[in-house]
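For reference, the structure is listed below as structure tokens.
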Amino acid sequence: MVTITESAREYLAELLSKQEDALGIRMFISQPGTPRAETCVAYCRSDDMQDDDTKVEYGAITAYFEAHSLPFLVDALVDYSKDRMGGQLTIKAPNAKLPQVNEDSPLTDRINYVLYNEVNPALAGHGGEVSLIEVTEDNYAILMFGGGCQGCGMVDQTLKGGVEKTLLEQLPQLKGVRDMTDHSDTSHAYY
């Protein structure tokens, strides 16, 4: 599980003491298993908690861990170092960016895995990228293009002939993809 050093516990306990409604901290990974993964620590209030959160007591503080993030938080470390400017909270999660995808993984994780490991490397040659915004209830992946793909005259072909084809071949439960990119900005378009 996550190691929170004594200095980090003291620092976090002090911060929490100044928050009237904070129950503890909540730790999670945004975009886990992708190159854009970020480890986040926030105050946890009653409306932030999820039914499947894992609660761990660390002396004076309570930490809540998002269930979906737990595999990516293995071997994570939270530390605090005092310095002349006050101090710095450091969070290291060596597994945050490692893909941990299998047949039982949530569909969003499997889509992100394909986008970051197969689709984006191909788009990078044109300075482009694509990211998942959400998966609709009827299993359509809502995507946003960036870089050289935003405003590109070939984006429809890239979307249907490349991105959608790749995703549907590997994730047959998807019904298709939709683009929500504003392509009126052509300042960085490849074509």
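In the structure tokens, the first chain shown is A, the next is B, and so on; residue numbers restart at 1 for each chain, and ligands run from 1 in the order shown.
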
Checklist entry - Do you know which residues are at most 12 Å from Thr3 in chain A counting only C-alpha atoms, after dropping those on the same chain fewer than 2 positions away, and could you put them as a list in words? => result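 Listing them by chain and then by number gives Met1, Thr5, Glu6, Ser7, Ala8, Arg9, Met27, Val56, Glu57, Tyr58, Ala63, Leu73, Val74, Asp75, Ala76, Leu77, Val78, Asp79, Tyr80, Thr90, Ile91, Lys92 and Ala93 of chain A.
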
Checklist entry - Could you pull the residues within 7 Å of Ala189 in chain A, counting only C-alpha atoms, minus those fewer than 6 positions along the same chain, as a VMD selection string? => result chain A and resid 148 to 152

Checklist entry - Of the candidates A:Val177, A:Val135, A:Leu171, A:Met144, which one gets nearest to Thr108 in chain A if we count only C-alpha atoms? => result A:Val135

Checklist entry - Between A:Pro121, A:Gly161, A:Gly176, A:Pro71, which has the minimum distance to Leu143 in chain A (counting only C-alpha atoms)? => result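 Counting only C-alpha atoms, the residue closest to Leu143 in chain A is A:Gly176.
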
Next on the checklist: Quick check for you: according to DSSP on this backbone, which residues of chain A are classed as helix (DSSP H, G or I)? Reply as a PyMOL selection string.
Outcome noted: chain A and resi 6-17+46-48+67-73+107-126+155-170

Next on the checklist: I want to know what sits within 10 Å of Leu15 in chain A, based on only C-alpha atoms, with residues of the same chain fewer than 5 positions away left out; could you give that as a ChimeraX atom specification?
Outcome noted: /A:9-10,22,24-25,43

Those selected residues, please, written with C-alpha atoms and delivered as a short mmCIF file (atom, residue, chain, number, x, y, z; two decimals), in the first residue's frame.
data_model
loop_
_atom_site.label_atom_id
_atom_site.label_comp_id
_atom_site.auth_asym_id
_atom_site.auth_seq_id
_atom_site.Cartn_x
_atom_site.Cartn_y
_atom_site.Cartn_z
CA ARG A 9 1.68 12.74 8.33
CA GLU A 10 2.53 15.69 10.60
CA ALA A 22 -12.28 17.49 5.93
CA GLY A 24 -8.90 13.14 5.87
CA ILE A 25 -7.07 13.02 2.58
CA TYR A 43 -8.94 16.95 1.12
#

Checklist entry - Neighbours of Thr39 in chain A within 7 Å (only C-alpha atoms; same-chain residues fewer than 2 positions away dropped), as a PyMOL selection string? => result chain A and resi 28-30+37+41+93

Could you turn the residues from that selection into a file that holds N, CA and C atoms, as a PDB file, in the first residue's frame?
ATOM      1  N   PHE A  28      -5.687   9.543  -5.326  1.00  0.00           N
ATOM      2  CA  PHE A  28      -6.111   8.859  -6.546  1.00  0.00           C
ATOM      3  C   PHE A  28      -5.162   9.196  -7.682  1.00  0.00           C
ATOM      4  N   ILE A  29      -5.280   8.447  -8.751  1.00  0.00           N
ATOM      5  CA  ILE A  29      -4.480   8.687  -9.954  1.00  0.00           C
ATOM      6  C   ILE A  29      -5.439   9.106 -11.059  1.00  0.00           C
ATOM      7  N   SER A  30      -5.180  10.256 -11.664  1.00  0.00           N
ATOM      8  CA  SER A  30      -5.968  10.636 -12.841  1.00  0.00           C
ATOM      9  C   SER A  30      -5.265  10.050 -14.067  1.00  0.00           C
ATOM     10  N   ALA A  37      -0.584  10.110 -16.580  1.00  0.00           N
ATOM     11  CA  ALA A  37      -1.032   9.813 -15.218  1.00  0.00           C
ATOM     12  C   ALA A  37      -0.480  10.841 -14.239  1.00  0.00           C
ATOM     13  N   VAL A  41      -3.492  14.207  -4.400  1.00  0.00           N
ATOM     14  CA  VAL A  41      -3.880  14.168  -2.999  1.00  0.00           C
ATOM     15  C   VAL A  41      -4.755  15.390  -2.771  1.00  0.00           C
ATOM     16  N   ALA A  93       4.811   7.793  -7.180  1.00  0.00           N
ATOM     17  CA  ALA A  93       3.998   6.609  -7.464  1.00  0.00           C
ATOM     18  C   ALA A  93       4.590   5.939  -8.700  1.00  0.00           C
TER      19      ALA A  93
END

Checklist entry - Can you tell me, as a PyMOL selection string, what residues are no more than 10 Å from range 136-138 of chain A when counting only C-alpha atoms, ignoring any on the same chain fewer than 2 positions away? => result chain A and resi 133-134+140-142+173-177

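Taking range 131-188 of chain A and asking which residues DSSP calls strand (DSSP E) on the backbone, you get A:Ser131, A:Leu132, A:Ile133, A:Glu134, A:Val135, A:Tyr140, A:Ala141, A:Ile142, A:Leu143, A:Met144, A:Phe145, A:Gly146, A:Gly147, A:Gly176, A:Val177, A:Arg178, A:Asp179.
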
Pull C-alpha atoms from the residues just selected and write them as a compact mmCIF listing (two decimals), in the first residue's frame.
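Output saved as part.txt:
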# COMPACT_ATOMS: atom_id res chain seq x y z
CA SER A 131 -7.38 11.50 -25.98
CA LEU A 132 -10.47 9.93 -24.49
CA ILE A 133 -12.97 12.33 -22.95
CA GLU A 134 -15.60 9.79 -21.90
CA VAL A 135 -17.46 6.63 -22.86
CA TYR A 140 -19.38 5.30 -27.91
CA ALA A 141 -15.92 6.69 -27.18
CA ILE A 142 -15.92 10.49 -27.18
CA LEU A 143 -12.49 11.66 -28.32
CA MET A 144 -10.63 14.94 -28.65
CA PHE A 145 -7.82 15.54 -31.11
CA GLY A 146 -4.95 17.90 -30.44
CA GLY A 147 -1.73 19.15 -31.97
CA GLY A 176 -17.95 3.57 -32.42
CA VAL A 177 -16.18 6.84 -31.80
CA ARG A 178 -17.24 10.47 -31.90
CA ASP A 179 -15.04 13.53 -32.22

Checklist entry - Closest to Asn95 in chain A among A:Thr54, A:Gln170, A:Ser69, A:Asn112, using only C-alpha atoms? => result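 Answer, going by the shortest atom-to-atom distance: A:Ser69.
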
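If you measure from each of A:Val130, A:Thr186, A:Leu115, A:Lys97 to Arg36 in chain A using only C-alpha atoms, the closest one turns out to be A:Lys97.
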
Checklist entry - What lies within 9 Å of Gln100 in chain A using only C-alpha atoms, ignoring chain neighbours under 4 positions off, as a ChimeraX atom specification? => result /A:32-33,71-72,105,109,113

Any chance you can output those residues with N, CA and C atoms as a CSV table (one decimal), in the first residue's frame?
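Output below, filename result-v7.csv:
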chain,number,residue,atom,x,y,z
A,32,PRO,N,-4.8,6.9,-14.9
A,32,PRO,CA,-3.9,5.9,-14.6
A,32,PRO,C,-3.5,4.9,-15.7
A,33,GLY,N,-2.2,4.5,-15.7
A,33,GLY,CA,-1.7,3.6,-16.7
A,33,GLY,C,-1.4,4.2,-18.0
A,71,PRO,N,-4.3,-0.3,-7.7
A,71,PRO,CA,-3.2,-1.0,-8.4
A,71,PRO,C,-2.0,-0.1,-8.8
A,72,PHE,N,-2.4,1.1,-9.1
A,72,PHE,CA,-1.4,2.1,-9.6
A,72,PHE,C,-0.6,2.8,-8.4
A,105,SER,N,-10.3,-5.2,-16.9
A,105,SER,CA,-10.1,-3.7,-16.7
A,105,SER,C,-11.3,-2.9,-17.2
A,109,ASP,N,-10.0,2.3,-19.3
A,109,ASP,CA,-8.6,1.9,-19.2
A,109,ASP,C,-8.1,1.2,-20.5
A,113,TYR,N,-5.3,2.6,-23.1
A,113,TYR,CA,-4.2,1.8,-23.4
A,113,TYR,C,-3.9,1.8,-24.9
